[in-house]
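**Q** Sharing work.txt here; it has compact mmCIF, C-alpha atoms.
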```txt
# COMPACT_ATOMS: atom_id res chain seq x y z
CA MET A 1 -19.88 -37.37 40.92
CA VAL A 2 -17.68 -34.53 39.69
CA ALA A 3 -15.96 -36.80 37.20
CA SER A 4 -19.31 -38.01 35.90
CA SER A 5 -20.53 -34.44 35.40
CA ALA A 6 -17.32 -33.51 33.61
CA ALA A 7 -17.69 -36.53 31.34
CA ARG A 8 -21.27 -35.63 30.49
CA LEU A 9 -20.18 -32.04 29.80
CA GLY A 10 -17.39 -33.30 27.55
CA VAL A 11 -19.76 -35.54 25.60
CA LYS A 12 -22.25 -32.67 25.29
CA GLN A 13 -19.49 -30.35 23.99
CA ILE A 14 -18.35 -32.94 21.43
CA CYS A 15 -21.94 -33.45 20.24
CA SER A 16 -22.45 -29.71 20.04
CA ASN A 17 -19.30 -29.27 17.96
CA SER A 18 -20.26 -32.22 15.77
CA GLN A 19 -23.65 -30.66 15.08
CA LEU A 20 -22.05 -27.31 14.33
CA ILE A 21 -19.65 -28.93 11.89
CA GLN A 22 -22.53 -30.69 10.14
CA LYS A 23 -24.78 -27.64 10.02
CA GLY A 24 -22.04 -25.05 9.66
CA LEU A 25 -22.03 -21.74 11.46
CA PRO A 26 -25.10 -19.93 10.14
CA SER A 27 -25.13 -16.15 9.94
CA LEU A 28 -27.01 -14.72 12.91
CA HIS A 29 -29.34 -12.10 11.42
CA SER A 30 -31.65 -11.81 14.40
CA LYS A 31 -30.92 -9.18 17.03
CA VAL A 32 -32.06 -11.71 19.64
CA LEU A 33 -29.23 -14.08 18.73
CA ASN A 34 -26.74 -11.41 17.70
CA PRO A 35 -26.96 -7.95 19.32
CA TYR A 36 -24.74 -6.55 16.57
CA ALA A 37 -26.90 -7.73 13.65
CA PRO A 38 -28.12 -4.18 12.85
CA VAL A 39 -24.49 -3.09 12.46
CA ALA A 40 -23.86 -5.92 10.01
CA LYS A 41 -26.94 -4.97 7.98
CA TRP A 42 -25.76 -1.34 7.82
CA ILE A 43 -22.27 -2.36 6.69
CA LEU A 44 -23.60 -4.70 3.99
CA THR A 45 -26.00 -2.01 2.78
CA THR A 46 -23.05 0.36 2.47
CA SER A 47 -21.14 -2.27 0.49
CA GLY A 48 -24.09 -2.44 -1.90
CA LEU A 49 -23.96 1.33 -2.31
CA VAL A 50 -20.25 1.13 -3.11
CA ALA A 51 -21.00 -1.55 -5.73
CA GLY A 52 -23.57 0.79 -7.26
CA MET A 53 -21.02 3.58 -7.18
CA VAL A 54 -18.60 1.42 -9.17
CA HIS A 55 -21.28 0.75 -11.80
CA VAL A 56 -22.07 4.45 -12.13
CA GLY A 57 -18.34 5.08 -12.49
CA GLY A 58 -18.28 2.56 -15.32
CA VAL A 59 -21.10 4.37 -17.13
CA THR A 60 -19.28 7.65 -16.57
CA ARG A 61 -16.26 6.12 -18.26
CA LEU A 62 -18.27 4.67 -21.17
CA THR A 63 -20.04 7.97 -21.82
CA LYS A 64 -16.70 9.82 -21.70
CA SER A 65 -18.05 12.09 -19.01
CA GLY A 66 -15.14 12.02 -16.58
CA LEU A 67 -13.47 15.26 -17.69
CA SER A 68 -16.65 17.34 -17.96
CA MET A 69 -16.21 18.80 -14.45
CA THR A 70 -12.95 20.72 -14.35
CA ASP A 71 -12.86 21.56 -10.64
CA TRP A 72 -13.35 19.69 -7.39
CA LYS A 73 -15.10 20.85 -4.23
CA PRO A 74 -14.76 18.42 -1.30
CA LEU A 75 -18.28 19.15 -0.02
CA GLY A 76 -19.84 19.16 -3.47
CA SER A 77 -22.12 21.72 -5.09
CA LEU A 78 -25.34 22.04 -7.04
CA PRO A 79 -25.18 21.73 -10.84
CA PRO A 80 -25.75 24.85 -12.95
CA MET A 81 -29.34 25.97 -12.43
CA ASN A 82 -30.00 28.27 -15.41
CA LYS A 83 -28.80 28.94 -18.95
CA ASP A 84 -26.22 31.53 -17.91
CA GLU A 85 -24.63 29.16 -15.40
CA TRP A 86 -24.60 26.34 -17.95
CA THR A 87 -22.98 28.61 -20.53
CA GLN A 88 -20.34 29.65 -18.01
CA GLU A 89 -19.59 26.02 -17.11
CA PHE A 90 -19.46 25.03 -20.78
CA ASN A 91 -17.06 27.90 -21.58
CA ARG A 92 -14.78 26.78 -18.75
CA TYR A 93 -14.79 23.25 -20.16
CA LYS A 94 -13.71 24.67 -23.52
CA THR A 95 -10.46 25.94 -21.99
CA PHE A 96 -9.26 22.41 -21.26
CA PRO A 97 -7.56 19.93 -23.64
CA GLU A 98 -10.52 17.57 -24.20
CA TRP A 99 -12.52 20.31 -25.92
CA GLN A 100 -9.93 20.46 -28.71
CA GLN A 101 -11.12 17.02 -29.81
CA ARG A 102 -14.85 17.55 -29.19
CA LYS A 103 -15.53 20.93 -30.75
CA SER A 104 -18.76 19.73 -32.35
CA MET A 105 -20.34 19.21 -28.93
CA THR A 106 -23.50 21.20 -28.22
CA LEU A 107 -24.55 22.62 -24.87
CA GLU A 108 -27.21 19.90 -24.50
CA GLU A 109 -24.62 17.20 -25.12
CA PHE A 110 -22.36 18.81 -22.54
CA LYS A 111 -25.20 18.77 -20.01
CA TYR A 112 -25.57 15.02 -20.53
CA ILE A 113 -21.93 14.18 -19.74
CA PHE A 114 -21.80 16.78 -16.96
CA TYR A 115 -24.76 15.20 -15.14
CA TRP A 116 -23.13 11.77 -15.25
CA GLU A 117 -19.92 13.04 -13.68
CA TRP A 118 -21.78 15.22 -11.19
CA GLY A 119 -24.01 12.31 -10.22
CA HIS A 120 -21.00 10.03 -9.77
CA ARG A 121 -19.31 12.50 -7.46
CA MET A 122 -22.44 13.28 -5.43
CA LEU A 123 -23.22 9.58 -5.08
CA GLY A 124 -19.75 9.18 -3.58
CA ARG A 125 -20.51 11.84 -1.00
CA GLY A 126 -23.85 10.18 -0.31
CA VAL A 127 -22.14 6.86 0.32
CA GLY A 128 -19.77 8.64 2.70
CA LEU A 129 -22.71 9.98 4.71
CA ALA A 130 -24.41 6.58 4.63
CA PHE A 131 -21.32 5.21 6.37
CA ALA A 132 -20.34 8.08 8.67
CA LEU A 133 -23.72 8.94 10.21
CA PRO A 134 -24.72 5.40 11.28
CA TRP A 135 -21.16 4.77 12.44
CA GLY A 136 -21.41 7.78 14.76
CA TYR A 137 -24.76 6.56 16.07
CA PHE A 138 -23.66 2.98 16.68
CA ALA A 139 -20.38 4.10 18.26
CA PHE A 140 -22.23 6.49 20.58
CA ARG A 141 -24.59 3.69 21.64
CA GLY A 142 -21.67 1.30 22.18
CA LEU A 143 -22.95 -1.09 19.51
CA ILE A 144 -19.74 -1.54 17.51
CA PRO A 145 -18.66 -5.15 18.12
CA PRO A 146 -15.47 -5.68 20.13
CA GLY A 147 -12.43 -5.76 17.86
CA TYR A 148 -14.05 -3.86 14.98
CA SER A 149 -13.40 -0.23 15.95
CA ASN A 150 -10.09 0.03 14.09
CA ARG A 151 -11.61 -1.56 11.00
CA MET A 152 -14.37 1.06 11.02
CA LYS A 153 -11.73 3.79 11.17
CA ALA A 154 -9.88 2.19 8.26
CA LEU A 155 -13.08 2.05 6.20
CA PHE A 156 -13.80 5.71 6.90
CA ALA A 157 -10.26 6.66 5.88
CA MET A 158 -10.49 4.61 2.68
CA GLY A 159 -13.75 6.31 1.75
CA GLY A 160 -12.25 9.76 2.21
CA THR A 161 -9.12 8.84 0.31
CA GLN A 162 -11.22 7.55 -2.60
CA GLY A 163 -12.46 11.07 -3.32
CA LEU A 164 -8.92 12.43 -3.37
CA VAL A 165 -7.74 9.62 -5.64
CA GLY A 166 -10.65 10.32 -7.99
CA TRP A 167 -9.71 13.98 -8.37
CA TRP A 168 -6.01 13.05 -8.73
CA MET A 169 -7.10 10.78 -11.59
CA VAL A 170 -9.23 13.47 -13.29
CA LYS A 171 -6.42 16.02 -13.07
CA SER A 172 -4.24 13.79 -15.23
CA GLY A 173 -6.56 14.53 -18.17
CA LEU A 174 -6.88 18.27 -17.58
CA GLY A 175 -3.27 19.48 -17.69
CA GLU A 176 -1.95 21.79 -20.39
CA ASP A 177 0.65 19.13 -21.25
CA ARG A 178 -2.20 17.19 -22.91
CA LEU A 179 -2.97 19.96 -25.43
CA GLY A 180 -0.66 18.46 -28.04
CA ASP A 181 -2.01 14.91 -27.75
CA ARG A 182 -3.14 13.46 -31.06
CA LYS A 183 -4.78 10.49 -29.43
CA GLU A 184 -8.04 10.90 -27.57
CA ILE A 185 -7.58 12.80 -24.33
CA ARG A 186 -8.05 10.48 -21.38
CA VAL A 187 -6.95 10.12 -17.78
CA SER A 188 -3.80 8.25 -16.79
CA PRO A 189 -4.45 4.47 -16.85
CA TYR A 190 -2.26 4.13 -13.76
CA ARG A 191 -4.42 6.57 -11.81
CA LEU A 192 -7.58 4.94 -13.14
CA ALA A 193 -6.32 1.57 -11.89
CA ALA A 194 -5.59 3.11 -8.47
CA HIS A 195 -9.09 4.62 -8.34
CA LEU A 196 -10.82 1.36 -9.27
CA GLY A 197 -8.53 -0.70 -7.05
CA MET A 198 -9.35 1.50 -4.07
CA ALA A 199 -13.07 1.15 -4.76
CA PHE A 200 -12.89 -2.64 -4.92
CA SER A 201 -10.73 -2.77 -1.79
CA THR A 202 -13.28 -0.68 0.10
CA TYR A 203 -16.14 -2.86 -1.16
CA SER A 204 -14.32 -6.06 -0.22
CA LEU A 205 -13.46 -4.84 3.27
CA LEU A 206 -17.07 -3.74 3.83
CA LEU A 207 -18.38 -7.11 2.68
CA TRP A 208 -15.88 -9.04 4.82
CA THR A 209 -16.70 -6.88 7.85
CA GLY A 210 -20.47 -7.22 7.45
CA LEU A 211 -20.34 -10.99 7.04
CA GLY A 212 -17.94 -11.25 9.96
CA ILE A 213 -20.28 -9.33 12.27
CA PHE A 214 -23.14 -11.60 11.23
CA GLN A 215 -21.05 -14.46 12.64
CA TYR A 216 -20.82 -12.87 16.07
CA PRO A 217 -20.42 -14.56 18.54
CA ASN A 218 -19.51 -17.66 16.50
CA ASP A 219 -16.30 -15.93 15.44
CA ALA A 220 -15.91 -13.05 17.88
CA ILE A 221 -12.72 -11.02 17.30
CA GLY A 222 -10.77 -10.66 20.51
CA SER A 223 -13.01 -12.98 22.51
CA ASN A 224 -11.64 -15.69 24.77
CA ASN A 225 -11.50 -19.24 23.55
CA ALA A 226 -14.42 -20.31 25.74
CA THR A 227 -16.91 -18.21 23.81
CA ASN A 228 -15.49 -18.41 20.29
CA LYS A 229 -17.30 -21.34 18.68
CA LEU A 230 -15.15 -21.29 15.57
CA GLN A 231 -12.02 -21.82 17.64
CA ASP A 232 -13.73 -24.57 19.58
CA ILE A 233 -14.61 -26.37 16.36
CA ALA A 234 -11.08 -25.98 15.03
CA LYS A 235 -9.72 -27.60 18.18
CA SER A 236 -12.10 -30.54 17.85
CA MET A 237 -11.19 -31.28 14.21
CA THR A 238 -8.73 -33.97 13.19
CA LYS A 239 -5.39 -33.13 11.60
CA THR A 240 -6.67 -34.38 8.24
CA SER A 241 -9.74 -32.16 8.44
CA LEU A 242 -7.63 -29.15 9.40
CA ALA A 243 -5.26 -29.81 6.50
CA LEU A 244 -8.18 -29.95 4.06
CA ALA A 245 -9.64 -26.77 5.56
CA LYS A 246 -6.31 -24.99 5.05
CA LYS A 247 -6.27 -26.09 1.41
CA VAL A 248 -9.77 -24.70 0.89
CA ARG A 249 -8.71 -21.45 2.57
CA GLY A 250 -5.57 -21.27 0.44
CA GLY A 251 -7.61 -21.86 -2.72
CA ALA A 252 -10.08 -19.15 -1.74
CA ILE A 253 -7.23 -16.68 -1.16
CA ALA A 254 -5.69 -17.58 -4.53
CA VAL A 255 -8.99 -17.08 -6.38
CA THR A 256 -9.47 -13.75 -4.60
CA GLY A 257 -5.99 -12.66 -5.64
CA LEU A 258 -6.60 -13.63 -9.27
CA THR A 259 -9.90 -11.77 -9.23
CA ALA A 260 -8.14 -8.67 -7.94
CA LEU A 261 -5.53 -8.92 -10.71
CA THR A 262 -8.31 -9.28 -13.29
CA VAL A 263 -10.04 -6.16 -11.98
CA VAL A 264 -6.84 -4.09 -12.02
CA SER A 265 -5.84 -5.34 -15.47
CA GLY A 266 -9.34 -4.41 -16.66
CA ALA A 267 -8.69 -0.87 -15.48
CA PHE A 268 -5.66 -0.71 -17.77
CA VAL A 269 -7.78 -1.99 -20.67
CA ALA A 270 -10.28 0.80 -20.00
CA GLY A 271 -7.57 3.39 -19.38
CA ASN A 272 -5.92 2.66 -22.71
CA ASP A 273 -9.21 2.29 -24.63
CA ALA A 274 -8.03 -1.20 -25.54
CA GLY A 275 -11.36 -2.97 -25.20
CA ASN A 276 -12.39 -2.79 -28.86
CA ALA A 277 -9.02 -3.56 -30.42
CA TYR A 278 -9.47 -7.35 -30.69
CA ASN A 279 -13.03 -8.53 -31.23
CA THR A 280 -12.46 -12.28 -31.34
CA PHE A 281 -12.12 -14.77 -28.50
CA PRO A 282 -10.13 -16.72 -27.46
CA LEU A 283 -7.77 -15.84 -30.33
CA MET A 284 -6.47 -12.32 -30.95
CA ASN A 285 -6.02 -11.66 -34.69
CA GLU A 286 -6.11 -15.45 -35.18
CA GLN A 287 -3.22 -15.90 -32.73
CA TRP A 288 -3.03 -17.12 -29.16
CA ILE A 289 -0.19 -14.73 -28.37
CA PRO A 290 0.12 -11.84 -30.88
CA LEU A 291 3.76 -11.09 -30.06
CA ASP A 292 4.23 -8.64 -32.94
CA ASP A 293 1.49 -6.46 -31.50
CA MET A 294 2.40 -7.02 -27.85
CA ILE A 295 5.93 -5.65 -28.15
CA ASP A 296 6.20 -2.00 -29.13
CA PRO A 297 9.77 -1.17 -30.31
CA GLU A 298 9.40 2.35 -28.93
CA LEU A 299 8.61 0.97 -25.48
CA SER A 300 11.06 -1.93 -25.34
CA SER A 301 14.02 -0.14 -23.72
CA PRO A 302 14.88 -1.12 -20.14
CA VAL A 303 13.72 2.31 -18.96
CA SER A 304 10.28 2.14 -20.56
CA ILE A 305 9.60 -1.61 -20.60
CA TYR A 306 7.00 -1.19 -17.86
CA ARG A 307 5.09 1.14 -20.21
CA ASN A 308 4.89 -1.64 -22.78
CA MET A 309 3.35 -3.83 -20.08
CA PHE A 310 0.72 -1.28 -19.03
CA GLU A 311 0.21 0.99 -22.06
CA ASN A 312 0.45 -1.33 -25.06
CA THR A 313 -3.05 -2.09 -26.36
CA ALA A 314 -2.41 -5.73 -27.24
CA MET A 315 -0.44 -6.40 -24.07
CA VAL A 316 -3.01 -5.00 -21.64
CA GLN A 317 -5.87 -6.83 -23.34
CA TRP A 318 -3.94 -10.13 -23.41
CA ASN A 319 -3.08 -9.71 -19.71
CA HIS A 320 -6.73 -9.10 -18.88
CA ARG A 321 -7.88 -12.13 -20.86
CA VAL A 322 -5.35 -14.41 -19.23
```
Show me, as C-alpha cells, the structure contained in the file I just sent.

**A**
Amino acid sequence: MVASSAARLGVKQICSNSQLIQKGLPSLHSKVLNPYAPVAKWILTTSGLVAGMVHVGGVTRLTKSGLSMTDWKPLGSLPPMNKDEWTQEFNRYKTFPEWQQRKSMTLEEFKYIFYWEWGHRMLGRGVGLAFALPWGYFAFRGLIPPGYSNRMKALFAMGGTQGLVGWWMVKSGLGEDRLGDRKEIRVSPYRLAAHLGMAFSTYSLLLWTGLGIFQYPNDAIGSNNATNKLQDIAKSMTKTSLALAKKVRGGAIAVTGLTALTVVSGAFVAGNDAGNAYNTFPLMNEQWIPLDDMIDPELSSPVSIYRNMFENTAMVQWNHRV
C-alpha cells in the first residue's frame, strides 16, 4: 500500500515537472500566488525610473548642461527663484573654465542648461526616495523575500554611490587646470564611463531582482530543495537537456557582457565627443580599419598607450562600432 502510494506520488511529480518544463515557469504577478509580488512590482518600477534617469542624463549631455551647476548639495536645493538669484548663479558659472568658451551665452540660455542639470540631479534624489521609502515599509512589514535582504542593501548603496560618482565626474570639468584647454571643456571620459556604468549596473540589478521575486517560490533563494521548483525541474532533466541549458545560459551571459562593453565604449565616444567624427557606416573614411587615424603618435608610448585606446577619436568610435 505504501509502495503504491509512493509510486503514484512519483508519477504525479514527474508529470508535474513535465508540465512545468512544457509551460515554463510563469512569473507570479498575483499576490494570491506570490505574497511578494508587490515587492517585485516596486523594484521593477524603480528600475524603470532609473532607465528614465539615464535618458535624462543623455539629454543633459547632448545639451551640454552638465557643468552649469558648479556646486553639489547632497540633499538638493531649489533653483534660483528670482532675477537676482539667477544673476548670482550665472556670475558664479562665469568663474569656471567652461565660460571661457561660451561667452556669448545669455542669461536665458544659461537657465535652459541649468534646468536640465538641476532636473537630472533632483530626479536622482527622487529615484532614491522611490527606493528607500518602500524598502523601509516592506522591511518593517517583513515582506522582503528570504535571501533578498543583502541585495536590497547593495542596491541602496549603489544608488547613494551614484550621486557621489556623478559629482566626482562633474568636478573633472570645473578645475582651474582646464582654463588653458583649447578643446571644448568637458568632463573626464573615464569618470563619465564610471558614472554611466554604475547607472546601468544599478538598473540591471534592479531588473534581475524584480524578475527573480516574480518567480517566487518557483526559484526561492535559500529555500530547501523540496519547495524550489526550479531545482526540482533541473534534477528531472536529462544530461543532454542540462548541457543545452548550460549553453543557452553561457550564450546569455556572453551577450550580456558584450552589451555592457558596448555601453561603456559608448561612454568614451560621448566623453571624447567622437560621435560625429565619422558619418559613414560600416566604413570609416572608406576604410574598415582606419589605422592612420587610430594610432596617435603622441599617445603611442608605453606609458600613454592606454590613452590612445580611450581618448583617440577614431579608436573609441571603432571600438564602439565593433

**Q** Please report the interatomic distance between CA of Arg249 in chain A and CA of Arg151 in chain A in Å with one decimal.

**A**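 Answer for the CA of Arg249 in chain A to CA of Arg151 in chain A separation: 21.8 Å.
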
**Q** Hey, what's within 9 Å of Pro35 in chain A if we count all atoms listed in the file and toss same-chain stuff fewer than 6 positions away? As a list in words, please?

**A**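 Returned residues: Leu143, Pro145 and Tyr216 of chain A.
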
**Q** Need to verify the contact set: range 207-213 of chain A, 10 Å, only C-alpha atoms, exclusion of same-chain residues closer than 2 positions in sequence. Can you return it as a ChimeraX atom specification?

**A** /A:27-29,34-48,144-146,148,151-152,155,201-205,215-221

**Q** Restricting the calculation to all atoms listed in the file, which member of A:Asn82, A:Ser77, A:Thr70, A:Ser241 is positioned closest to Gly173 in chain A?

**A**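 The closest residue to Gly173 in chain A is A:Thr70.
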
**Q** So which residues touch range 91-94 of chain A within 8 Å, counting only C-alpha atoms, skipping near sequence neighbours fewer than 4 positions away, as a list of chain:residue names?

**A** A:Ser68, A:Met69, A:Thr70, A:Thr87, A:Glu98, A:Trp99, A:Gln100

**Q** Using only C-alpha atoms, which of A:Gly128, A:Gly197, A:Gly147, A:Pro189 sits nearest Leu49 in chain A?

**A** A:Gly128

**Q** Between CA of Ser188 in chain A and CA of Arg307 in chain A, what is the spacing in Å?

**A**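 Going from CA of Arg307 in chain A over to CA of Ser188 in chain A covers 11.9 Å.
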
**Q** Quick one: distance from CA of Ile305 in chain A to CA of Trp167 in chain A in Å, one decimal?

**A**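 So the answer is 27.7 Å.
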
**Q** Of the candidates A:Glu85, A:Asp232, A:Glu286, A:Glu117, which shows the shortest atom-to-atom distance to Val59 in chain A, using all atoms listed in the file?

**A**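 Of the candidates, the smallest distance to Val59 in chain A is held by A:Glu117.
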